[in-house]
Amino acid sequence: MGLTLAEKILSEHAGREVHAGELAIVAVDVCLTQDGTGPLAVRQLEKLGMVKAANPERTVLFIDHSAPSARRELSNDHMLLRDFASKTGACLSDVGDGVCHQVISERWLKPGDVLIGADSHTCTGGAMAAFSTGMGSTDVAVGIAFGKTWMRVPETIRVNLTGQFSRGVYAKDLMLFLIGKITTDGANYMALEFGGPAADAMPHYERMVLANMAVEAGAKTGLFSSDGQTRLFLESQDRGKDYRPIKPDPDAVYSRVVDIDLSKLVPIVSFPHTVDNVRTIDEAKGEKIDQVFIGTCTNGRIEDLRVAASILKGKKRHPHTRLLIIPASRAVYGQAIKEGLITIFNDAGASINTPGCGPCVGVHMGILGDGEKCLSTMNRNFKGRMGNPEGFIYLASPATCAASAIAGEIVDPREVM
Amino acid sequence: MILRGKAWKFGDDISTDLIAPGRYFHLRSNLEELAKHVLEDADPQFASKVQQGDIVVGGNNFGLGSSREHAPIIIKLAGVSAVIANSFARIFFRNAINIGLPVVQCDTSGIQTGDELEIDLARGTVTDITRDFTLPFPPLPDAMRTILGDGGLVAHIKKHGEFKLD
């Protein structure tokens, strides 16, 4: 019986062939925490009397959720994380370095790895054929100390992608469409595996959008094969040597197969307060917007900023619509400066902020007022997500967000491109 | 183990943002304070009125969203003895077991707020004493039963020195 990507990677790490439904103790290659979950992980290790990392050079503590710190309590949490890194030799990714999922992909993760992270969007790493999954602080703490974890090997939903995006339609629209189709718990306890000719042709940064939002359908991870696109990405980070090809067996067994023809898709907007509450751009347009936020682990990459800049160049944001732009990492920020994108954003009236999670977590940098509406490239729109339960969050692609920032309401980006 | 308490009924898709709102992010290292805001955005009255032993009852996909383990921790700290739901999001379910909060999956459609409930974890039944019906629930996977039986993952590791799940 052939193996899915999830079964293949987990088998390598369990030391035996494992199949969906089995329990396995698996070796963990990379562990990450962030400043919202890391302090609890550190305290659990202190409780266990194990202030150590089995694999310190691949244990990474990120400070990205409230960075720079918004409050004294959080500054103290940051100190705890820096102290743990210094005591154990674990790596620290500090204020301004960027969002954990972006930076772990740029600097640490390799195809075939098992990554566990105390952040639900850890599944982003699946874009690189690494079994990457979000867990709680205690699970990741134990993973840090022992270099292993336990898992139930997930069943897999195969998503076959064919065709090409039409102009103005992006990976974000595809993922919102897919989640609308299978719903927010349609892949609960399972892996998503993306394949087919359009997945093979898809550049790494678009794969990351799909993998990132796998958890929004309940999935444990969202996987792509590693191939020439993966190698191109690793080479762009001076890590070409980390490349190895991994793909599922042709006779792998899937619990469900979903086929999507990209050429049939249109821009999609997810309405409050669940990600699967999706509408086509025709149904969505005209909705007045108070704030637009372009960034996050979903859509804060250089390619996203280029799309936004191409729409915003020479234009101004609508006077009633604030525009926030946050590069996902220091590397992305540096590239955006070199390309002149930051000047375009500044001239358009945007507020540009430190690489990190920004207002996505509801701590700072753009908390909504009562009744306000935010259109964002982020990945979830739950009530209260942006720091105010009286706020309303809409999700869309960078193109839809940029075009809507100019109009002051949701518009079809194809009309201004 | 038999748990008995009053039901607090919530709807579908109770996210970890509703359970442990992001605006209280700065209280994550002060769990007693954070627990005063538990489920605040789903029911602002809940935290002040919940009694020791009460049972949280959800619909579909309880605990979806962020991996914050603080969500089940503050439910437990508020005195809740168990969470019952039609279905749970994966990370929340695992976190609850890891911190020693019993989670039970069964059809909750007939349960209303205020009902007196009894959960028999060993037999795998939920009884609504107020409405006089009993529902079975599937046993936890063996690994999770072991961890919960040991009092959570930290206690499990302390007891065995490592994973001892088979």
# chains A, B, ... in the order shown; residues from 1 in each chain; ligands from 1

call {"tool": "residues_around", "arguments": {"residues": "stretch 395-402 of chain A", "least_positions_apart": "4", "cutoff": "8 Å", "atoms": "only C-alpha atoms", "output": "PDB file with N, CA and C atoms, in the first residue's frame"}}
result
ATOM      1  N   GLY A 168      -5.801  38.605 -11.443  1.00  0.00           N
ATOM      2  CA  GLY A 168      -6.463  39.137 -10.246  1.00  0.00           C
ATOM      3  C   GLY A 168      -6.919  38.076  -9.256  1.00  0.00           C
ATOM      4  N   TYR A 170      -5.668  34.752  -6.836  1.00  0.00           N
ATOM      5  CA  TYR A 170      -4.428  34.307  -6.203  1.00  0.00           C
ATOM      6  C   TYR A 170      -4.675  33.091  -5.313  1.00  0.00           C
ATOM      7  N   LYS A 172      -4.628  32.958  -2.230  1.00  0.00           N
ATOM      8  CA  LYS A 172      -5.526  33.285  -1.113  1.00  0.00           C
ATOM      9  C   LYS A 172      -6.985  33.056  -1.497  1.00  0.00           C
ATOM     10  N   ASP A 173      -7.327  33.449  -2.713  1.00  0.00           N
ATOM     11  CA  ASP A 173      -8.709  33.237  -3.169  1.00  0.00           C
ATOM     12  C   ASP A 173      -9.024  31.740  -3.250  1.00  0.00           C
ATOM     13  N   PRO A 267     -12.008  36.312  -7.383  1.00  0.00           N
ATOM     14  CA  PRO A 267     -11.621  36.791  -6.051  1.00  0.00           C
ATOM     15  C   PRO A 267     -12.717  36.481  -5.024  1.00  0.00           C
ATOM     16  N   ILE A 268     -12.254  36.088  -3.818  1.00  0.00           N
ATOM     17  CA  ILE A 268     -13.167  35.653  -2.751  1.00  0.00           C
ATOM     18  C   ILE A 268     -12.916  36.529  -1.515  1.00  0.00           C
ATOM     19  N   VAL A 269     -13.968  36.819  -0.784  1.00  0.00           N
ATOM     20  CA  VAL A 269     -13.834  37.520   0.502  1.00  0.00           C
ATOM     21  C   VAL A 269     -14.543  36.689   1.563  1.00  0.00           C
ATOM     22  N   SER A 270     -13.858  36.492   2.694  1.00  0.00           N
ATOM     23  CA  SER A 270     -14.477  35.802   3.822  1.00  0.00           C
ATOM     24  C   SER A 270     -15.065  36.853   4.762  1.00  0.00           C
ATOM     25  N   PHE A 271     -16.322  36.683   5.112  1.00  0.00           N
ATOM     26  CA  PHE A 271     -17.032  37.645   5.962  1.00  0.00           C
ATOM     27  C   PHE A 271     -16.994  37.203   7.432  1.00  0.00           C
ATOM     28  N   VAL A 275     -14.160  31.714   8.933  1.00  0.00           N
ATOM     29  CA  VAL A 275     -13.406  31.748   7.673  1.00  0.00           C
ATOM     30  C   VAL A 275     -14.208  31.133   6.525  1.00  0.00           C
ATOM     31  N   VAL A 292      -7.568  48.680   6.392  1.00  0.00           N
ATOM     32  CA  VAL A 292      -7.036  47.582   5.578  1.00  0.00           C
ATOM     33  C   VAL A 292      -5.689  47.188   6.158  1.00  0.00           C
ATOM     34  N   PHE A 293      -5.472  45.899   6.327  1.00  0.00           N
ATOM     35  CA  PHE A 293      -4.195  45.400   6.868  1.00  0.00           C
ATOM     36  C   PHE A 293      -3.609  44.372   5.899  1.00  0.00           C
ATOM     37  N   ILE A 294      -2.424  44.703   5.376  1.00  0.00           N
ATOM     38  CA  ILE A 294      -1.713  43.790   4.468  1.00  0.00           C
ATOM     39  C   ILE A 294      -0.455  43.305   5.184  1.00  0.00           C
ATOM     40  N   ASN A 299       0.104  36.370   4.109  1.00  0.00           N
ATOM     41  CA  ASN A 299       0.314  37.193   2.907  1.00  0.00           C
ATOM     42  C   ASN A 299       1.194  38.406   3.169  1.00  0.00           C
ATOM     43  N   ASP A 304       3.641  39.362  -2.236  1.00  0.00           N
ATOM     44  CA  ASP A 304       2.375  39.996  -1.845  1.00  0.00           C
ATOM     45  C   ASP A 304       2.528  41.525  -1.840  1.00  0.00           C
ATOM     46  N   LEU A 305       3.664  41.981  -1.320  1.00  0.00           N
ATOM     47  CA  LEU A 305       3.895  43.432  -1.260  1.00  0.00           C
ATOM     48  C   LEU A 305       4.041  44.003  -2.673  1.00  0.00           C
ATOM     49  N   VAL A 307       2.491  42.922  -5.368  1.00  0.00           N
ATOM     50  CA  VAL A 307       1.127  43.032  -5.923  1.00  0.00           C
ATOM     51  C   VAL A 307       0.444  44.275  -5.349  1.00  0.00           C
ATOM     52  N   ALA A 308       0.558  44.446  -4.034  1.00  0.00           N
ATOM     53  CA  ALA A 308      -0.088  45.596  -3.390  1.00  0.00           C
ATOM     54  C   ALA A 308       0.488  46.900  -3.944  1.00  0.00           C
ATOM     55  N   ALA A 309       1.823  46.941  -4.097  1.00  0.00           N
ATOM     56  CA  ALA A 309       2.476  48.163  -4.579  1.00  0.00           C
ATOM     57  C   ALA A 309       2.068  48.474  -6.013  1.00  0.00           C
ATOM     58  N   ILE A 311      -0.700  48.094  -7.323  1.00  0.00           N
ATOM     59  CA  ILE A 311      -2.037  48.703  -7.311  1.00  0.00           C
ATOM     60  C   ILE A 311      -2.010  50.076  -6.645  1.00  0.00           C
ATOM     61  N   LEU A 312      -1.161  50.219  -5.619  1.00  0.00           N
ATOM     62  CA  LEU A 312      -1.147  51.465  -4.833  1.00  0.00           C
ATOM     63  C   LEU A 312      -0.253  52.551  -5.448  1.00  0.00           C
ATOM     64  N   LEU A 375     -10.579  44.962   6.507  1.00  0.00           N
ATOM     65  CA  LEU A 375     -10.313  44.002   5.430  1.00  0.00           C
ATOM     66  C   LEU A 375      -8.834  43.662   5.508  1.00  0.00           C
ATOM     67  N   SER A 376      -8.520  42.371   5.578  1.00  0.00           N
ATOM     68  CA  SER A 376      -7.154  41.987   5.887  1.00  0.00           C
ATOM     69  C   SER A 376      -6.698  40.795   5.071  1.00  0.00           C
ATOM     70  N   THR A 377      -5.369  40.691   4.902  1.00  0.00           N
ATOM     71  CA  THR A 377      -4.812  39.497   4.251  1.00  0.00           C
ATOM     72  C   THR A 377      -4.568  38.388   5.259  1.00  0.00           C
ATOM     73  N   MET A 378      -4.969  38.582   6.523  1.00  0.00           N
ATOM     74  CA  MET A 378      -4.698  37.563   7.523  1.00  0.00           C
ATOM     75  C   MET A 378      -5.535  36.303   7.297  1.00  0.00           C
ATOM     76  N   ASN A 379      -5.396  35.343   8.212  1.00  0.00           N
ATOM     77  CA  ASN A 379      -5.951  34.017   7.951  1.00  0.00           C
ATOM     78  C   ASN A 379      -7.204  33.680   8.745  1.00  0.00           C
ATOM     79  N   ARG A 380      -7.549  34.485   9.723  1.00  0.00           N
ATOM     80  CA  ARG A 380      -8.785  34.159  10.451  1.00  0.00           C
ATOM     81  C   ARG A 380      -9.496  35.422  10.886  1.00  0.00           C
ATOM     82  N   ASN A 381     -10.806  35.303  11.028  1.00  0.00           N
ATOM     83  CA  ASN A 381     -11.645  36.479  11.255  1.00  0.00           C
ATOM     84  C   ASN A 381     -12.608  36.278  12.416  1.00  0.00           C
ATOM     85  N   ILE A 406      -7.915  51.927  -1.543  1.00  0.00           N
ATOM     86  CA  ILE A 406      -8.047  53.147  -2.349  1.00  0.00           C
ATOM     87  C   ILE A 406      -9.516  53.562  -2.430  1.00  0.00           C
ATOM     88  N   ILE A 410     -14.993  47.483  -0.279  1.00  0.00           N
ATOM     89  CA  ILE A 410     -14.522  46.285  -0.985  1.00  0.00           C
ATOM     90  C   ILE A 410     -14.814  46.440  -2.478  1.00  0.00           C
ATOM     91  N   VAL A 411     -13.748  46.297  -3.288  1.00  0.00           N
ATOM     92  CA  VAL A 411     -13.906  46.376  -4.744  1.00  0.00           C
ATOM     93  C   VAL A 411     -13.224  45.183  -5.405  1.00  0.00           C
ATOM     94  N   ASP A 412     -13.561  44.962  -6.645  1.00  0.00           N
ATOM     95  CA  ASP A 412     -12.964  43.892  -7.434  1.00  0.00           C
ATOM     96  C   ASP A 412     -11.592  44.364  -7.923  1.00  0.00           C
ATOM     97  N   PRO A 413     -10.504  43.694  -7.498  1.00  0.00           N
ATOM     98  CA  PRO A 413      -9.167  44.194  -7.873  1.00  0.00           C
ATOM     99  C   PRO A 413      -8.945  44.147  -9.383  1.00  0.00           C
TER     100      PRO A 413
END

call {"tool": "select_by_dssp", "arguments": {"residues": "stretch 98-137 of chain A", "states": "strand (DSSP E or B)", "output": "PyMOL selection string"}}
result
chain A and resi 98+114-117+131-134

call {"tool": "residues_around", "arguments": {"residues": "B:His160", "least_positions_apart": "4", "cutoff": "12 Å", "atoms": "only C-alpha atoms", "output": "list in words"}}
result
Leu48 of chain A; Thr146, Ile147, Asp150, Leu153, Val154, Ala155, His156, Lys164 and Leu165 of chain B

call {"tool": "write_last_selection", "arguments": {"atoms": "C-alpha atoms", "output": "PDB file, in the first residue's frame"}}
result
ATOM      1  CA  LEU A  48       9.790  19.205  34.885  1.00  0.00           C
TER       2      LEU A  48
ATOM      3  CA  THR B 146      -3.048   7.348  29.861  1.00  0.00           C
ATOM      4  CA  ILE B 147      -2.043  11.039  29.913  1.00  0.00           C
ATOM      5  CA  ASP B 150      -1.725  10.518  35.051  1.00  0.00           C
ATOM      6  CA  LEU B 153       1.392  15.526  30.259  1.00  0.00           C
ATOM      7  CA  VAL B 154       3.739  17.150  32.789  1.00  0.00           C
ATOM      8  CA  ALA B 155       2.614  14.669  35.461  1.00  0.00           C
ATOM      9  CA  HIS B 156       2.917  11.813  32.953  1.00  0.00           C
ATOM     10  CA  LYS B 164       4.997   5.785  28.232  1.00  0.00           C
ATOM     11  CA  LEU B 165       1.990   5.451  25.969  1.00  0.00           C
TER      12      LEU B 165
END

call {"tool": "interface_residues", "arguments": {"of": "chain A", "to": "chain B", "cutoff": "6 Å", "atoms": "only C-alpha atoms", "output": "number ranges by chain"}}
result
A: 73-74, 119-120, 135-136, 189, 361-363, 385, 387

call {"tool": "atom_distance", "arguments": {"atom1": "atom CA of B:Met144", "atom2": "atom CA of A:Gln44"}}
result
18.6 Å

call {"tool": "residues_around", "arguments": {"residues": "B:Glu32", "least_positions_apart": "5", "cutoff": "12 Å", "atoms": "only C-alpha atoms", "output": "list in words"}}
result
Leu27, His37, Val38, Ala47, His70, Ile73, Ile74, Ile75, Lys76, Leu77, Ala78 and Gly79 of chain B

call {"tool": "write_last_selection", "arguments": {"atoms": "N, CA and C atoms", "output": "short mmCIF file (atom, residue, chain, number, x, y, z; two decimals), in the first residue's frame"}}
result
data_model
loop_
_atom_site.label_atom_id
_atom_site.label_comp_id
_atom_site.auth_asym_id
_atom_site.auth_seq_id
_atom_site.Cartn_x
_atom_site.Cartn_y
_atom_site.Cartn_z
N LEU B 27 -2.03 38.95 30.05
CA LEU B 27 -2.31 38.21 31.29
C LEU B 27 -1.95 36.73 31.17
N HIS B 37 -11.62 36.28 32.88
CA HIS B 37 -12.19 36.68 31.58
C HIS B 37 -12.53 35.48 30.70
N VAL B 38 -12.54 34.29 31.30
CA VAL B 38 -12.74 33.09 30.48
C VAL B 38 -14.11 33.14 29.78
N ALA B 47 -17.91 34.06 33.50
CA ALA B 47 -16.78 33.98 34.45
C ALA B 47 -17.21 34.32 35.88
N HIS B 70 -3.59 28.27 27.06
CA HIS B 70 -4.22 29.07 28.12
C HIS B 70 -5.74 28.90 28.08
N ILE B 73 -6.67 25.84 30.03
CA ILE B 73 -6.18 26.06 31.40
C ILE B 73 -7.13 26.97 32.18
N ILE B 74 -7.58 28.07 31.55
CA ILE B 74 -8.43 28.99 32.32
C ILE B 74 -9.85 28.45 32.46
N ILE B 75 -10.28 27.59 31.55
CA ILE B 75 -11.58 26.91 31.76
C ILE B 75 -11.47 26.05 33.03
N LYS B 76 -10.36 25.34 33.14
CA LYS B 76 -10.16 24.48 34.32
C LYS B 76 -10.01 25.34 35.59
N LEU B 77 -9.21 26.39 35.48
CA LEU B 77 -8.99 27.26 36.65
C LEU B 77 -10.28 27.90 37.15
N ALA B 78 -11.23 28.13 36.23
CA ALA B 78 -12.50 28.74 36.63
C ALA B 78 -13.37 27.76 37.42
N GLY B 79 -12.93 26.50 37.50
CA GLY B 79 -13.66 25.52 38.29
C GLY B 79 -14.43 24.51 37.46
#

call {"tool": "residues_around", "arguments": {"residues": "A:Gly240", "least_positions_apart": "2", "cutoff": "12 Å", "atoms": "only C-alpha atoms", "output": "number ranges by chain"}}
result
A: 106-107, 109-111, 227-238, 242-245

call {"tool": "select_by_dssp", "arguments": {"residues": "chain B", "states": "alpha helix (DSSP H)", "output": "VMD selection string"}}
result
chain B and resid 16 to 19 31 to 35 46 to 49 70 to 77 90 to 98 142 to 149 153 to 160

call {"tool": "write_last_selection", "arguments": {"atoms": "N, CA and C atoms", "output": "short mmCIF file (atom, residue, chain, number, x, y, z; two decimals), in the first residue's frame"}}
result
data_model
loop_
_atom_site.label_atom_id
_atom_site.label_comp_id
_atom_site.auth_asym_id
_atom_site.auth_seq_id
_atom_site.Cartn_x
_atom_site.Cartn_y
_atom_site.Cartn_z
N THR B 16 -10.80 29.85 20.35
CA THR B 16 -9.94 30.20 21.50
C THR B 16 -9.88 31.71 21.68
N ASP B 17 -10.23 32.48 20.63
CA ASP B 17 -10.33 33.94 20.80
C ASP B 17 -11.52 34.29 21.69
N LEU B 18 -12.59 33.52 21.62
CA LEU B 18 -13.74 33.76 22.49
C LEU B 18 -13.45 33.29 23.92
N ILE B 19 -12.65 32.24 24.03
CA ILE B 19 -12.35 31.67 25.36
C ILE B 19 -11.30 32.51 26.10
N LEU B 31 -2.34 33.57 35.10
CA LEU B 31 -3.50 32.77 34.67
C LEU B 31 -4.72 32.98 35.56
N GLU B 32 -4.49 33.25 36.86
CA GLU B 32 -5.64 33.48 37.76
C GLU B 32 -6.42 34.72 37.29
N GLU B 33 -5.69 35.75 36.89
CA GLU B 33 -6.35 36.97 36.38
C GLU B 33 -7.02 36.70 35.03
N LEU B 34 -6.31 35.99 34.16
CA LEU B 34 -6.86 35.67 32.84
C LEU B 34 -8.15 34.87 32.98
N ALA B 35 -8.18 33.99 33.98
CA ALA B 35 -9.37 33.13 34.18
C ALA B 35 -10.61 33.96 34.51
N PHE B 46 -20.46 34.60 32.18
CA PHE B 46 -20.00 33.25 32.55
C PHE B 46 -18.97 33.26 33.68
N ALA B 47 -17.91 34.06 33.50
CA ALA B 47 -16.78 33.98 34.45
C ALA B 47 -17.21 34.32 35.88
N SER B 48 -18.16 35.26 36.01
CA SER B 48 -18.55 35.65 37.37
C SER B 48 -19.57 34.69 37.97
N LYS B 49 -20.25 33.92 37.14
CA LYS B 49 -21.33 33.08 37.67
C LYS B 49 -21.00 31.58 37.74
N HIS B 70 -3.59 28.27 27.06
CA HIS B 70 -4.22 29.07 28.12
C HIS B 70 -5.74 28.90 28.08
N ALA B 71 -6.31 28.58 26.91
CA ALA B 71 -7.76 28.45 26.80
C ALA B 71 -8.30 27.32 27.68
N PRO B 72 -7.84 26.06 27.50
CA PRO B 72 -8.33 25.03 28.42
C PRO B 72 -7.86 25.26 29.86
N ILE B 73 -6.67 25.84 30.03
CA ILE B 73 -6.18 26.06 31.40
C ILE B 73 -7.13 26.97 32.18
N ILE B 74 -7.58 28.07 31.55
CA ILE B 74 -8.43 28.99 32.32
C ILE B 74 -9.85 28.45 32.46
N ILE B 75 -10.28 27.59 31.55
CA ILE B 75 -11.58 26.91 31.76
C ILE B 75 -11.47 26.05 33.03
N LYS B 76 -10.36 25.34 33.14
CA LYS B 76 -10.16 24.48 34.32
C LYS B 76 -10.01 25.34 35.59
N LEU B 77 -9.21 26.39 35.48
CA LEU B 77 -8.99 27.26 36.65
C LEU B 77 -10.28 27.90 37.15
N ARG B 90 -8.86 20.06 16.88
CA ARG B 90 -7.79 19.12 17.24
C ARG B 90 -6.86 19.63 18.34
N ILE B 91 -6.34 20.86 18.18
CA ILE B 91 -5.31 21.33 19.12
C ILE B 91 -5.93 21.52 20.50
N PHE B 92 -7.14 22.09 20.56
CA PHE B 92 -7.79 22.31 21.84
C PHE B 92 -7.99 20.99 22.58
N PHE B 93 -8.44 19.97 21.85
CA PHE B 93 -8.73 18.67 22.46
C PHE B 93 -7.46 18.10 23.10
N ARG B 94 -6.38 18.16 22.35
CA ARG B 94 -5.11 17.62 22.84
C ARG B 94 -4.58 18.44 24.02
N ASN B 95 -4.71 19.77 23.91
CA ASN B 95 -4.27 20.62 25.02
C ASN B 95 -5.05 20.33 26.30
N ALA B 96 -6.36 20.12 26.16
CA ALA B 96 -7.19 19.87 27.33
C ALA B 96 -6.71 18.61 28.05
N ILE B 97 -6.46 17.55 27.29
CA ILE B 97 -5.95 16.31 27.89
C ILE B 97 -4.60 16.58 28.56
N ASN B 98 -3.74 17.32 27.87
CA ASN B 98 -2.39 17.58 28.40
C ASN B 98 -2.41 18.33 29.72
N ASP B 142 -6.18 5.44 23.56
CA ASP B 142 -5.41 4.92 24.71
C ASP B 142 -4.36 5.91 25.21
N ALA B 143 -3.64 6.55 24.26
CA ALA B 143 -2.56 7.45 24.68
C ALA B 143 -3.12 8.60 25.51
N MET B 144 -4.25 9.12 25.07
CA MET B 144 -4.84 10.25 25.78
C MET B 144 -5.40 9.82 27.13
N ARG B 145 -5.95 8.60 27.18
CA ARG B 145 -6.49 8.11 28.45
C ARG B 145 -5.35 7.97 29.46
N THR B 146 -4.21 7.49 28.98
CA THR B 146 -3.05 7.35 29.86
C THR B 146 -2.61 8.71 30.40
N ILE B 147 -2.51 9.71 29.49
CA ILE B 147 -2.04 11.04 29.91
C ILE B 147 -3.04 11.67 30.89
N LEU B 148 -4.32 11.60 30.56
CA LEU B 148 -5.34 12.18 31.43
C LEU B 148 -5.35 11.46 32.79
N GLY B 149 -5.19 10.14 32.74
CA GLY B 149 -5.18 9.34 33.98
C GLY B 149 -4.01 9.71 34.88
N LEU B 153 0.12 15.94 30.88
CA LEU B 153 1.39 15.53 30.26
C LEU B 153 2.60 15.77 31.17
N VAL B 154 2.61 16.89 31.90
CA VAL B 154 3.74 17.15 32.79
C VAL B 154 3.80 16.06 33.86
N ALA B 155 2.65 15.72 34.44
CA ALA B 155 2.61 14.67 35.46
C ALA B 155 3.01 13.32 34.87
N HIS B 156 2.57 13.08 33.63
CA HIS B 156 2.92 11.81 32.95
C HIS B 156 4.43 11.68 32.79
N ILE B 157 5.06 12.76 32.32
CA ILE B 157 6.52 12.73 32.11
C ILE B 157 7.25 12.62 33.45
N LYS B 158 6.74 13.33 34.46
CA LYS B 158 7.37 13.25 35.79
C LYS B 158 7.32 11.82 36.32
N LYS B 159 6.18 11.16 36.06
CA LYS B 159 5.97 9.81 36.60
C LYS B 159 6.85 8.77 35.89
N HIS B 160 6.94 8.90 34.55
CA HIS B 160 7.62 7.85 33.78
C HIS B 160 9.00 8.25 33.29
#

call {"tool": "residues_around", "arguments": {"residues": "A:Ala85", "least_positions_apart": "4", "cutoff": "10 Å", "atoms": "only C-alpha atoms", "output": "PDB file with N, CA and C atoms, in the first residue's frame"}}
result
ATOM      1  N   VAL A  42       8.252  27.413  28.703  1.00  0.00           N
ATOM      2  CA  VAL A  42       9.434  27.511  29.570  1.00  0.00           C
ATOM      3  C   VAL A  42       9.067  27.117  31.005  1.00  0.00           C
ATOM      4  N   VAL A  51      15.315  22.332  32.113  1.00  0.00           N
ATOM      5  CA  VAL A  51      15.570  23.566  31.368  1.00  0.00           C
ATOM      6  C   VAL A  51      16.682  23.272  30.370  1.00  0.00           C
ATOM      7  N   LYS A  52      16.284  22.622  29.268  1.00  0.00           N
ATOM      8  CA  LYS A  52      17.271  22.202  28.272  1.00  0.00           C
ATOM      9  C   LYS A  52      16.564  21.992  26.942  1.00  0.00           C
ATOM     10  N   ALA A  53      17.347  21.981  25.894  1.00  0.00           N
ATOM     11  CA  ALA A  53      16.808  21.684  24.571  1.00  0.00           C
ATOM     12  C   ALA A  53      17.612  20.527  23.993  1.00  0.00           C
ATOM     13  N   PRO A  56      19.333  22.278  20.447  1.00  0.00           N
ATOM     14  CA  PRO A  56      19.206  23.736  20.603  1.00  0.00           C
ATOM     15  C   PRO A  56      19.327  24.522  19.295  1.00  0.00           C
ATOM     16  N   THR A  59      15.930  24.642  17.834  1.00  0.00           N
ATOM     17  CA  THR A  59      14.836  25.062  18.718  1.00  0.00           C
ATOM     18  C   THR A  59      14.818  26.582  18.655  1.00  0.00           C
ATOM     19  N   VAL A  60      13.705  27.156  18.243  1.00  0.00           N
ATOM     20  CA  VAL A  60      13.707  28.595  17.995  1.00  0.00           C
ATOM     21  C   VAL A  60      12.585  29.277  18.790  1.00  0.00           C
ATOM     22  N   LEU A  61      12.983  30.253  19.599  1.00  0.00           N
ATOM     23  CA  LEU A  61      12.028  31.041  20.373  1.00  0.00           C
ATOM     24  C   LEU A  61      11.819  32.362  19.640  1.00  0.00           C
ATOM     25  N   MET A  79      11.678  38.796  28.422  1.00  0.00           N
ATOM     26  CA  MET A  79      12.923  38.559  29.179  1.00  0.00           C
ATOM     27  C   MET A  79      13.076  37.084  29.534  1.00  0.00           C
ATOM     28  N   LEU A  80      11.951  36.452  29.918  1.00  0.00           N
ATOM     29  CA  LEU A  80      11.975  35.024  30.262  1.00  0.00           C
ATOM     30  C   LEU A  80      12.452  34.191  29.064  1.00  0.00           C
ATOM     31  N   LEU A  81      11.965  34.553  27.864  1.00  0.00           N
ATOM     32  CA  LEU A  81      12.343  33.800  26.664  1.00  0.00           C
ATOM     33  C   LEU A  81      13.821  33.999  26.323  1.00  0.00           C
ATOM     34  N   GLY A  89      21.065  27.542  24.953  1.00  0.00           N
ATOM     35  CA  GLY A  89      21.677  27.589  23.625  1.00  0.00           C
ATOM     36  C   GLY A  89      20.650  27.566  22.503  1.00  0.00           C
ATOM     37  N   ALA A  90      19.361  27.587  22.866  1.00  0.00           N
ATOM     38  CA  ALA A  90      18.318  27.631  21.835  1.00  0.00           C
ATOM     39  C   ALA A  90      18.402  28.955  21.077  1.00  0.00           C
ATOM     40  N   CYS A  91      17.867  28.980  19.859  1.00  0.00           N
ATOM     41  CA  CYS A  91      17.947  30.178  19.020  1.00  0.00           C
ATOM     42  C   CYS A  91      16.845  31.154  19.399  1.00  0.00           C
ATOM     43  N   LEU A  92      17.168  32.427  19.274  1.00  0.00           N
ATOM     44  CA  LEU A  92      16.205  33.482  19.573  1.00  0.00           C
ATOM     45  C   LEU A  92      15.978  34.288  18.307  1.00  0.00           C
ATOM     46  N   SER A  93      14.720  34.511  17.975  1.00  0.00           N
ATOM     47  CA  SER A  93      14.392  35.403  16.857  1.00  0.00           C
ATOM     48  C   SER A  93      13.650  36.564  17.480  1.00  0.00           C
TER      49      SER A  93
END

call {"tool": "residues_around", "arguments": {"residues": "stretch 17-20 of chain A", "least_positions_apart": "4", "cutoff": "9 Å", "atoms": "only C-alpha atoms", "output": "list in words"}}
result
Leu3, Thr4, Ala6, Glu7, Lys8, Leu10, Ser11, Glu12, Ala24, Arg152, Val153, Pro154, Glu155 and Thr156 of chain A

call {"tool": "decode", "arguments": {"residues": "stretch 218-234 of chain A", "atoms": "C-alpha atoms", "output": "PDB file, in the first residue's frame"}}
result
ATOM      1  CA  GLY A 218      -9.183  22.056  11.014  1.00  0.00           C
ATOM      2  CA  ALA A 219      -6.247  20.239   9.405  1.00  0.00           C
ATOM      3  CA  LYS A 220      -3.177  19.099  11.297  1.00  0.00           C
ATOM      4  CA  THR A 221      -0.948  20.156   8.416  1.00  0.00           C
ATOM      5  CA  GLY A 222      -1.132  21.123   4.741  1.00  0.00           C
ATOM      6  CA  LEU A 223       1.508  19.412   2.632  1.00  0.00           C
ATOM      7  CA  PHE A 224       3.100  19.885  -0.772  1.00  0.00           C
ATOM      8  CA  SER A 225       5.711  17.653  -2.406  1.00  0.00           C
ATOM      9  CA  SER A 226       9.199  19.137  -2.457  1.00  0.00           C
ATOM     10  CA  ASP A 227      10.416  19.724  -6.000  1.00  0.00           C
ATOM     11  CA  GLY A 228      12.071  22.289  -8.235  1.00  0.00           C
ATOM     12  CA  GLN A 229       9.927  25.086  -6.750  1.00  0.00           C
ATOM     13  CA  THR A 230      11.122  24.151  -3.260  1.00  0.00           C
ATOM     14  CA  ARG A 231      14.712  24.144  -4.465  1.00  0.00           C
ATOM     15  CA  LEU A 232      14.302  27.591  -6.005  1.00  0.00           C
ATOM     16  CA  PHE A 233      13.007  28.921  -2.689  1.00  0.00           C
ATOM     17  CA  LEU A 234      15.821  27.326  -0.662  1.00  0.00           C
TER      18      LEU A 234
END
